[in-house]
Amino acid sequence: MKTILVPTDFSESAKNATEYAIKLAKELNMNLLLLHLFHAPETLPVDVPITFYTDDIIQKEKEALLKKEALDIQKRNGVKVSYLVKLNFAVDGILDEKADFIVMGIQGSSNLSDVLMGSITTSVLRESKIPVFVIPEKIKYKKPKKIVFACDFDYQKNSNTYEILKGFAKKFDSKISVLNVTENKQLETAEETLAGKKLEQSLAHIEHGYYFHENENLVEEINEFAADQKADIIAIVPHQYSFVEKLFHKSISKNLAFYTHVPLFVIPDNHKSTAAFFI
């Protein structure tokens with residue numbers, strides 16, 4: 001049985017991502033692994049005994065909360081759920097776990113905790129070797145019938161990348177709109193590049209179309225195009241750190257204005273997995 005990893009801090013955005021992951025797990029016949037990570041506080045109140053803040057006590061408290069959540073999910077949804085609480089930093093702890101893909105929540109407003117969550121998400125997307133779903137706080141699950149794939153045809157992608165996209169689209173009978181955005185419009189067809197030829201071969205039996213747009217603001221163009229297409233999900237391959245940082249960086253509240261209603265499906269190009277978990 002395959003596994004979806006769901007990091008949680010018990011926030012509303014994490015709970016919403018968990019609900020999204022539950023629906024995916026049922027569709028894909030997969031298990032869930034709920035993961036909570038914590039680290040000991042750096043400073044302690046002078047009037048509170050240090051024993052109140054031991055790692056063991058924190059561990060037991062969080063395990064009790066997570067166990068309750070896991071049992072509730074199993075009872076309500078019939079999905080097999082395991083849980084794990086670890087003393088570790090967020091990014092390292094997430095990347096250390098074995099799973100087929102990750103489902104993470106993210107908030108869309110502009111307070112400090114949201115920026116921090118954006119930073120964690122960015123780091124996971126940079127380093128993860130398995131696909132990651134990023135679920136905005138208020139988005140509810142719906143079958144991804146319309147996928148926008150933001151694609152850079154100048155880059156030679158791992159062939160497994162397209163196979164994962166293909167497997168996902170085939171599982172849900174999705175239509176894929178492939179979007180190529182450049183500062184100066186150059187391409188007219190995907191097959192002008194080797195990467196485009198490989199993509200066309202992978203999507204040969206999937207309903208899809210190509211769109212070539214010119215815009216200096218990549219995020220803005222994806223935003224507008226996905227809205228026009230009424231996309232259910234946006235797929236990206238962040239082969240360059242700069243691409244991820246354009247989505248989640250200092251102007252996070254502005255860039256996330258769009259993603260508050262569309263999930264991201266981020267497929268790494270440095271992975272060894274295949275589309276087998278969609279079968």
# chains A, B, ... in the order shown; residues from 1 in each chain; ligands from 1

$ residues_around --residues "His39 (chain A)" --least-positions-apart "6" --cutoff "7 Å" --atoms "only C-alpha atoms" --output "number ranges by chain"
A: 87-89

$ residues_around --residues "Phe265 (chain A)" --least-positions-apart "4" --cutoff "12 Å" --atoms "only C-alpha atoms" --output "PDB file with N, CA and C atoms, in the first residue's frame"
ATOM      1  N   PHE A 101       4.118  10.732  -1.923  1.00  0.00           N
ATOM      2  CA  PHE A 101       4.082  12.178  -2.100  1.00  0.00           C
ATOM      3  C   PHE A 101       3.608  12.850  -0.824  1.00  0.00           C
ATOM      4  N   ILE A 102       3.727  14.165  -0.807  1.00  0.00           N
ATOM      5  CA  ILE A 102       3.454  14.980   0.377  1.00  0.00           C
ATOM      6  C   ILE A 102       2.279  15.895   0.089  1.00  0.00           C
ATOM      7  N   VAL A 103       1.411  16.073   1.074  1.00  0.00           N
ATOM      8  CA  VAL A 103       0.346  17.074   0.986  1.00  0.00           C
ATOM      9  C   VAL A 103       0.555  18.063   2.120  1.00  0.00           C
ATOM     10  N   MET A 104       0.778  19.341   1.778  1.00  0.00           N
ATOM     11  CA  MET A 104       1.037  20.385   2.770  1.00  0.00           C
ATOM     12  C   MET A 104       0.015  21.500   2.659  1.00  0.00           C
ATOM     13  N   LEU A 125       9.886  22.229  -1.172  1.00  0.00           N
ATOM     14  CA  LEU A 125       9.793  22.138  -2.626  1.00  0.00           C
ATOM     15  C   LEU A 125      11.165  22.121  -3.270  1.00  0.00           C
ATOM     16  N   ILE A 130      10.177  13.764  -3.998  1.00  0.00           N
ATOM     17  CA  ILE A 130       8.870  13.186  -4.317  1.00  0.00           C
ATOM     18  C   ILE A 130       7.897  14.335  -4.565  1.00  0.00           C
ATOM     19  N   PRO A 131       6.803  14.083  -5.294  1.00  0.00           N
ATOM     20  CA  PRO A 131       5.848  15.162  -5.581  1.00  0.00           C
ATOM     21  C   PRO A 131       5.220  15.734  -4.315  1.00  0.00           C
ATOM     22  N   VAL A 132       4.890  17.023  -4.377  1.00  0.00           N
ATOM     23  CA  VAL A 132       4.288  17.732  -3.244  1.00  0.00           C
ATOM     24  C   VAL A 132       3.033  18.452  -3.707  1.00  0.00           C
ATOM     25  N   PHE A 133       1.937  18.254  -2.983  1.00  0.00           N
ATOM     26  CA  PHE A 133       0.721  19.037  -3.195  1.00  0.00           C
ATOM     27  C   PHE A 133       0.706  20.155  -2.156  1.00  0.00           C
ATOM     28  N   VAL A 134       0.526  21.392  -2.605  1.00  0.00           N
ATOM     29  CA  VAL A 134       0.417  22.543  -1.712  1.00  0.00           C
ATOM     30  C   VAL A 134      -1.035  23.008  -1.741  1.00  0.00           C
ATOM     31  N   ILE A 135      -1.702  22.902  -0.586  1.00  0.00           N
ATOM     32  CA  ILE A 135      -3.144  23.147  -0.527  1.00  0.00           C
ATOM     33  C   ILE A 135      -3.435  24.446   0.225  1.00  0.00           C
ATOM     34  N   PRO A 136      -3.977  25.457  -0.448  1.00  0.00           N
ATOM     35  CA  PRO A 136      -4.351  26.698   0.231  1.00  0.00           C
ATOM     36  C   PRO A 136      -5.402  26.452   1.306  1.00  0.00           C
ATOM     37  N   PRO A 144      -9.534  16.750  -9.927  1.00  0.00           N
ATOM     38  CA  PRO A 144      -8.790  17.649 -10.824  1.00  0.00           C
ATOM     39  C   PRO A 144      -9.055  17.348 -12.295  1.00  0.00           C
ATOM     40  N   ILE A 147      -6.278  20.595 -15.460  1.00  0.00           N
ATOM     41  CA  ILE A 147      -4.930  20.836 -14.933  1.00  0.00           C
ATOM     42  C   ILE A 147      -4.211  21.830 -15.829  1.00  0.00           C
ATOM     43  N   VAL A 148      -3.636  22.865 -15.231  1.00  0.00           N
ATOM     44  CA  VAL A 148      -2.725  23.755 -15.943  1.00  0.00           C
ATOM     45  C   VAL A 148      -1.307  23.313 -15.607  1.00  0.00           C
ATOM     46  N   PHE A 149      -0.531  22.991 -16.628  1.00  0.00           N
ATOM     47  CA  PHE A 149       0.865  22.595 -16.436  1.00  0.00           C
ATOM     48  C   PHE A 149       1.754  23.718 -16.938  1.00  0.00           C
ATOM     49  N   ALA A 150       2.355  24.464 -16.001  1.00  0.00           N
ATOM     50  CA  ALA A 150       3.274  25.549 -16.351  1.00  0.00           C
ATOM     51  C   ALA A 150       4.624  24.931 -16.681  1.00  0.00           C
ATOM     52  N   THR A 161       9.248  12.679 -14.863  1.00  0.00           N
ATOM     53  CA  THR A 161       8.415  13.832 -14.505  1.00  0.00           C
ATOM     54  C   THR A 161       7.127  13.840 -15.316  1.00  0.00           C
ATOM     55  N   ILE A 164       4.709  10.997 -14.352  1.00  0.00           N
ATOM     56  CA  ILE A 164       3.902  11.255 -13.153  1.00  0.00           C
ATOM     57  C   ILE A 164       2.715  12.141 -13.500  1.00  0.00           C
ATOM     58  N   LEU A 165       2.957  13.187 -14.287  1.00  0.00           N
ATOM     59  CA  LEU A 165       1.867  14.057 -14.726  1.00  0.00           C
ATOM     60  C   LEU A 165       0.847  13.248 -15.533  1.00  0.00           C
ATOM     61  N   PHE A 168      -1.197  10.895 -13.226  1.00  0.00           N
ATOM     62  CA  PHE A 168      -2.171  11.648 -12.442  1.00  0.00           C
ATOM     63  C   PHE A 168      -3.365  12.034 -13.301  1.00  0.00           C
ATOM     64  N   ALA A 169      -3.092  12.557 -14.494  1.00  0.00           N
ATOM     65  CA  ALA A 169      -4.175  12.974 -15.390  1.00  0.00           C
ATOM     66  C   ALA A 169      -5.012  11.780 -15.845  1.00  0.00           C
ATOM     67  N   ASP A 232      -8.497  23.289 -11.843  1.00  0.00           N
ATOM     68  CA  ASP A 232      -8.687  22.665 -10.535  1.00  0.00           C
ATOM     69  C   ASP A 232      -7.363  22.490  -9.814  1.00  0.00           C
ATOM     70  N   ILE A 233      -6.283  22.488 -10.574  1.00  0.00           N
ATOM     71  CA  ILE A 233      -4.959  22.308  -9.988  1.00  0.00           C
ATOM     72  C   ILE A 233      -3.919  22.848 -10.963  1.00  0.00           C
ATOM     73  N   ILE A 234      -2.799  23.323 -10.433  1.00  0.00           N
ATOM     74  CA  ILE A 234      -1.685  23.795 -11.254  1.00  0.00           C
ATOM     75  C   ILE A 234      -0.496  22.888 -11.003  1.00  0.00           C
ATOM     76  N   ALA A 235       0.068  22.346 -12.057  1.00  0.00           N
ATOM     77  CA  ALA A 235       1.255  21.499 -11.947  1.00  0.00           C
ATOM     78  C   ALA A 235       2.479  22.293 -12.383  1.00  0.00           C
ATOM     79  N   ILE A 236       3.561  22.178 -11.637  1.00  0.00           N
ATOM     80  CA  ILE A 236       4.807  22.849 -11.982  1.00  0.00           C
ATOM     81  C   ILE A 236       5.976  21.906 -11.727  1.00  0.00           C
ATOM     82  N   VAL A 237       7.098  22.181 -12.404  1.00  0.00           N
ATOM     83  CA  VAL A 237       8.349  21.468 -12.164  1.00  0.00           C
ATOM     84  C   VAL A 237       9.391  22.519 -11.800  1.00  0.00           C
ATOM     85  N   PRO A 238       9.656  22.705 -10.516  1.00  0.00           N
ATOM     86  CA  PRO A 238      10.547  23.803 -10.086  1.00  0.00           C
ATOM     87  C   PRO A 238      12.012  23.421 -10.222  1.00  0.00           C
ATOM     88  N   TYR A 259      -3.170  31.691  -5.351  1.00  0.00           N
ATOM     89  CA  TYR A 259      -3.133  30.311  -4.914  1.00  0.00           C
ATOM     90  C   TYR A 259      -4.025  30.040  -3.704  1.00  0.00           C
TER      91      TYR A 259
END

$ residues_around --residues "Phe38 (chain A)" --least-positions-apart "2" --cutoff "10 Å" --atoms "only C-alpha atoms" --output "PyMOL selection string"
chain A and resi 9+36+40-41+55+58-59+62+85-90+93

$ closest_residue --among "A:Glu200, A:Val6, A:Val262, A:Asp92" --to "Asn223 (chain A)" --atoms "only C-alpha atoms"
A:Val262

$ residues_around --residues "Ala21 (chain A)" --least-positions-apart "2" --cutoff "8 Å" --atoms "only C-alpha atoms" --output "PDB file with N, CA and C atoms, in the first residue's frame"
ATOM      1  N   ILE A   4       0.674   8.641   1.612  1.00  0.00           N
ATOM      2  CA  ILE A   4       0.678  10.097   1.501  1.00  0.00           C
ATOM      3  C   ILE A   4       1.136  10.660   2.837  1.00  0.00           C
ATOM      4  N   VAL A   6       1.422  13.692   5.400  1.00  0.00           N
ATOM      5  CA  VAL A   6       0.718  14.940   5.680  1.00  0.00           C
ATOM      6  C   VAL A   6       1.325  15.592   6.927  1.00  0.00           C
ATOM      7  N   ALA A  17      -5.642  20.814   4.713  1.00  0.00           N
ATOM      8  CA  ALA A  17      -4.791  19.990   3.849  1.00  0.00           C
ATOM      9  C   ALA A  17      -4.996  18.512   4.149  1.00  0.00           C
ATOM     10  N   THR A  18      -5.204  18.189   5.420  1.00  0.00           N
ATOM     11  CA  THR A  18      -5.455  16.794   5.798  1.00  0.00           C
ATOM     12  C   THR A  18      -6.746  16.291   5.165  1.00  0.00           C
ATOM     13  N   GLU A  19      -7.793  17.122   5.182  1.00  0.00           N
ATOM     14  CA  GLU A  19      -9.057  16.729   4.557  1.00  0.00           C
ATOM     15  C   GLU A  19      -8.870  16.505   3.056  1.00  0.00           C
ATOM     16  N   LYS A  23      -9.263  12.753   0.865  1.00  0.00           N
ATOM     17  CA  LYS A  23      -9.991  12.517  -0.387  1.00  0.00           C
ATOM     18  C   LYS A  23      -9.060  11.911  -1.441  1.00  0.00           C
ATOM     19  N   LEU A  24      -7.842  12.421  -1.517  1.00  0.00           N
ATOM     20  CA  LEU A  24      -6.871  11.854  -2.456  1.00  0.00           C
ATOM     21  C   LEU A  24      -6.580  10.392  -2.125  1.00  0.00           C
ATOM     22  N   ALA A  25      -6.409  10.114  -0.843  1.00  0.00           N
ATOM     23  CA  ALA A  25      -6.102   8.748  -0.404  1.00  0.00           C
ATOM     24  C   ALA A  25      -7.214   7.792  -0.808  1.00  0.00           C
ATOM     25  N   LEU A  32      -2.529   7.159   4.788  1.00  0.00           N
ATOM     26  CA  LEU A  32      -2.053   8.458   5.246  1.00  0.00           C
ATOM     27  C   LEU A  32      -1.047   8.267   6.372  1.00  0.00           C
ATOM     28  N   VAL A 103       1.411  16.073   1.074  1.00  0.00           N
ATOM     29  CA  VAL A 103       0.346  17.074   0.986  1.00  0.00           C
ATOM     30  C   VAL A 103       0.555  18.063   2.120  1.00  0.00           C
TER      31      VAL A 103
END

$ residues_around --residues "Met30 (chain A)" --least-positions-apart "6" --cutoff "8 Å" --atoms "only C-alpha atoms" --output "number ranges by chain"
A: 1-4, 24, 79-80

$ write_last_selection --atoms "N, CA and C atoms" --output "PDB file, in the first residue's frame"
ATOM      1  N   MET A   1       0.847  -1.201   0.000  1.00  0.00           N
ATOM      2  CA  MET A   1       0.000   0.000   0.000  1.00  0.00           C
ATOM      3  C   MET A   1       0.883   1.252   0.000  1.00  0.00           C
ATOM      4  N   LYS A   2       0.537   2.235  -0.813  1.00  0.00           N
ATOM      5  CA  LYS A   2       1.319   3.456  -0.936  1.00  0.00           C
ATOM      6  C   LYS A   2       0.889   4.479   0.121  1.00  0.00           C
ATOM      7  N   THR A   3       1.750   5.485   0.336  1.00  0.00           N
ATOM      8  CA  THR A   3       1.550   6.394   1.465  1.00  0.00           C
ATOM      9  C   THR A   3       1.601   7.858   1.059  1.00  0.00           C
ATOM     10  N   ILE A   4       0.674   8.641   1.612  1.00  0.00           N
ATOM     11  CA  ILE A   4       0.678  10.097   1.501  1.00  0.00           C
ATOM     12  C   ILE A   4       1.136  10.660   2.837  1.00  0.00           C
ATOM     13  N   LEU A  24      -7.842  12.421  -1.517  1.00  0.00           N
ATOM     14  CA  LEU A  24      -6.871  11.854  -2.456  1.00  0.00           C
ATOM     15  C   LEU A  24      -6.580  10.392  -2.125  1.00  0.00           C
ATOM     16  N   VAL A  79     -10.148   5.298   5.781  1.00  0.00           N
ATOM     17  CA  VAL A  79      -8.781   5.369   5.269  1.00  0.00           C
ATOM     18  C   VAL A  79      -7.823   4.930   6.373  1.00  0.00           C
ATOM     19  N   LYS A  80      -6.876   4.086   6.031  1.00  0.00           N
ATOM     20  CA  LYS A  80      -5.895   3.653   7.018  1.00  0.00           C
ATOM     21  C   LYS A  80      -4.929   4.785   7.324  1.00  0.00           C
TER      22      LYS A  80
END

$ closest_residue --among "A:Lys142, A:Gly105, A:Ile22, A:Asp56" --to "Asp72 (chain A)" --atoms "only C-alpha atoms"
A:Ile22

$ select_by_dssp --residues "region 12-231 of chain A" --states "strand (DSSP E)" --output "VMD selection string"
chain A and resid 31 to 38 81 to 87 101 to 106 132 to 136 146 to 150 175 to 182 208 to 214

$ write_last_selection --atoms "N, CA and C atoms" --output "compact mmCIF listing (two decimals), in the first residue's frame"
# COMPACT_ATOMS: atom_id res chain seq x y z
N ASN A 31 -2.62 4.98 1.87
CA ASN A 31 -2.64 5.25 3.30
C ASN A 31 -2.21 6.68 3.58
N LEU A 32 -2.53 7.16 4.79
CA LEU A 32 -2.05 8.46 5.25
C LEU A 32 -1.05 8.27 6.37
N LEU A 33 -0.04 9.12 6.39
CA LEU A 33 0.88 9.22 7.52
C LEU A 33 0.84 10.66 8.01
N LEU A 34 0.25 10.88 9.19
CA LEU A 34 0.23 12.22 9.80
C LEU A 34 1.53 12.43 10.55
N LEU A 35 2.17 13.55 10.30
CA LEU A 35 3.48 13.84 10.90
C LEU A 35 3.45 15.18 11.63
N HIS A 36 3.80 15.16 12.91
CA HIS A 36 3.96 16.40 13.66
C HIS A 36 5.39 16.49 14.16
N LEU A 37 6.01 17.64 13.92
CA LEU A 37 7.39 17.86 14.33
C LEU A 37 7.44 18.99 15.35
N PHE A 38 8.29 18.84 16.34
CA PHE A 38 8.42 19.87 17.35
C PHE A 38 9.87 19.98 17.78
N VAL A 81 -4.78 5.12 8.61
CA VAL A 81 -3.97 6.27 9.01
C VAL A 81 -2.97 5.85 10.09
N SER A 82 -1.72 6.20 9.88
CA SER A 82 -0.71 6.06 10.92
C SER A 82 -0.26 7.47 11.32
N TYR A 83 0.43 7.58 12.44
CA TYR A 83 0.85 8.91 12.89
C TYR A 83 2.23 8.83 13.53
N LEU A 84 2.92 9.96 13.51
CA LEU A 84 4.28 10.02 14.03
C LEU A 84 4.56 11.41 14.57
N VAL A 85 5.10 11.48 15.77
CA VAL A 85 5.53 12.74 16.38
C VAL A 85 7.03 12.65 16.61
N LYS A 86 7.77 13.66 16.14
CA LYS A 86 9.23 13.62 16.23
C LYS A 86 9.80 14.94 16.71
N LEU A 87 10.88 14.85 17.44
CA LEU A 87 11.67 16.03 17.81
C LEU A 87 12.62 16.31 16.66
N PHE A 101 4.12 10.73 -1.92
CA PHE A 101 4.08 12.18 -2.10
C PHE A 101 3.61 12.85 -0.82
N ILE A 102 3.73 14.17 -0.81
CA ILE A 102 3.45 14.98 0.38
C ILE A 102 2.28 15.90 0.09
N VAL A 103 1.41 16.07 1.07
CA VAL A 103 0.35 17.07 0.99
C VAL A 103 0.55 18.06 2.12
N MET A 104 0.78 19.34 1.78
CA MET A 104 1.04 20.39 2.77
C MET A 104 0.01 21.50 2.66
N GLY A 105 -0.33 22.09 3.78
CA GLY A 105 -1.21 23.25 3.77
C GLY A 105 -0.42 24.54 3.77
N ILE A 106 -1.07 25.60 3.30
CA ILE A 106 -0.47 26.92 3.35
C ILE A 106 -1.57 27.97 3.46
N VAL A 132 4.89 17.02 -4.38
CA VAL A 132 4.29 17.73 -3.24
C VAL A 132 3.03 18.45 -3.71
N PHE A 133 1.94 18.25 -2.98
CA PHE A 133 0.72 19.04 -3.19
C PHE A 133 0.71 20.15 -2.16
N VAL A 134 0.53 21.39 -2.61
CA VAL A 134 0.42 22.54 -1.71
C VAL A 134 -1.04 23.01 -1.74
N ILE A 135 -1.70 22.90 -0.59
CA ILE A 135 -3.14 23.15 -0.53
C ILE A 135 -3.43 24.45 0.22
N PRO A 136 -3.98 25.46 -0.45
CA PRO A 136 -4.35 26.70 0.23
C PRO A 136 -5.40 26.45 1.31
N LYS A 146 -9.41 19.66 -14.62
CA LYS A 146 -8.68 20.61 -15.45
C LYS A 146 -7.35 20.95 -14.78
N ILE A 147 -6.28 20.60 -15.46
CA ILE A 147 -4.93 20.84 -14.93
C ILE A 147 -4.21 21.83 -15.83
N VAL A 148 -3.64 22.86 -15.23
CA VAL A 148 -2.73 23.75 -15.94
C VAL A 148 -1.31 23.31 -15.61
N PHE A 149 -0.53 22.99 -16.63
CA PHE A 149 0.87 22.60 -16.44
C PHE A 149 1.75 23.72 -16.94
N ALA A 150 2.36 24.46 -16.00
CA ALA A 150 3.27 25.55 -16.35
C ALA A 150 4.62 24.93 -16.68
N LYS A 175 -8.06 16.92 -18.25
CA LYS A 175 -7.56 17.62 -19.42
C LYS A 175 -6.41 18.51 -18.97
N ILE A 176 -5.32 18.52 -19.73
CA ILE A 176 -4.14 19.30 -19.37
C ILE A 176 -3.98 20.47 -20.34
N SER A 177 -3.87 21.66 -19.79
CA SER A 177 -3.53 22.84 -20.58
C SER A 177 -2.08 23.19 -20.29
N VAL A 178 -1.20 23.01 -21.27
CA VAL A 178 0.23 23.24 -21.08
C VAL A 178 0.53 24.70 -21.39
N LEU A 179 1.07 25.41 -20.39
CA LEU A 179 1.34 26.84 -20.54
C LEU A 179 2.85 27.09 -20.52
N ASN A 180 3.33 27.75 -21.57
CA ASN A 180 4.73 28.17 -21.63
C ASN A 180 4.77 29.70 -21.61
N VAL A 181 5.44 30.26 -20.60
CA VAL A 181 5.52 31.71 -20.45
C VAL A 181 6.96 32.16 -20.62
N THR A 182 7.18 33.13 -21.49
CA THR A 182 8.52 33.70 -21.69
C THR A 182 8.42 35.21 -21.69
N HIS A 208 -5.16 17.24 -24.20
CA HIS A 208 -4.30 18.36 -23.81
C HIS A 208 -4.20 19.38 -24.94
N GLY A 209 -3.72 20.56 -24.57
CA GLY A 209 -3.49 21.61 -25.54
C GLY A 209 -2.33 22.47 -25.09
N TYR A 210 -1.74 23.24 -26.03
CA TYR A 210 -0.56 24.07 -25.73
C TYR A 210 -0.90 25.55 -25.88
N TYR A 211 -0.32 26.34 -24.98
CA TYR A 211 -0.54 27.78 -24.99
C TYR A 211 0.80 28.47 -24.74
N PHE A 212 1.13 29.43 -25.61
CA PHE A 212 2.41 30.13 -25.51
C PHE A 212 2.14 31.61 -25.27
N HIS A 213 2.53 32.08 -24.09
CA HIS A 213 2.24 33.45 -23.67
C HIS A 213 3.51 34.22 -23.38
N GLU A 214 3.41 35.52 -23.54
CA GLU A 214 4.53 36.41 -23.25
C GLU A 214 4.17 37.31 -22.07

$ closest_residue --among "A:Asn215, A:Ser174, A:Gln229, A:Thr121" --to "Pro7 (chain A)" --atoms "only C-alpha atoms"
A:Thr121

$ atom_distance --atom1 "CA of Lys171 (chain A)" --atom2 "CA of Ser202 (chain A)"
14.4 Å

$ select_by_dssp --residues "region 8-233 of chain A" --states "alpha helix (DSSP H)" --output "MDAnalysis selection string"
chainID A and resid 12:28 55:77 90:96 112:127 159:172 194:202 218:229
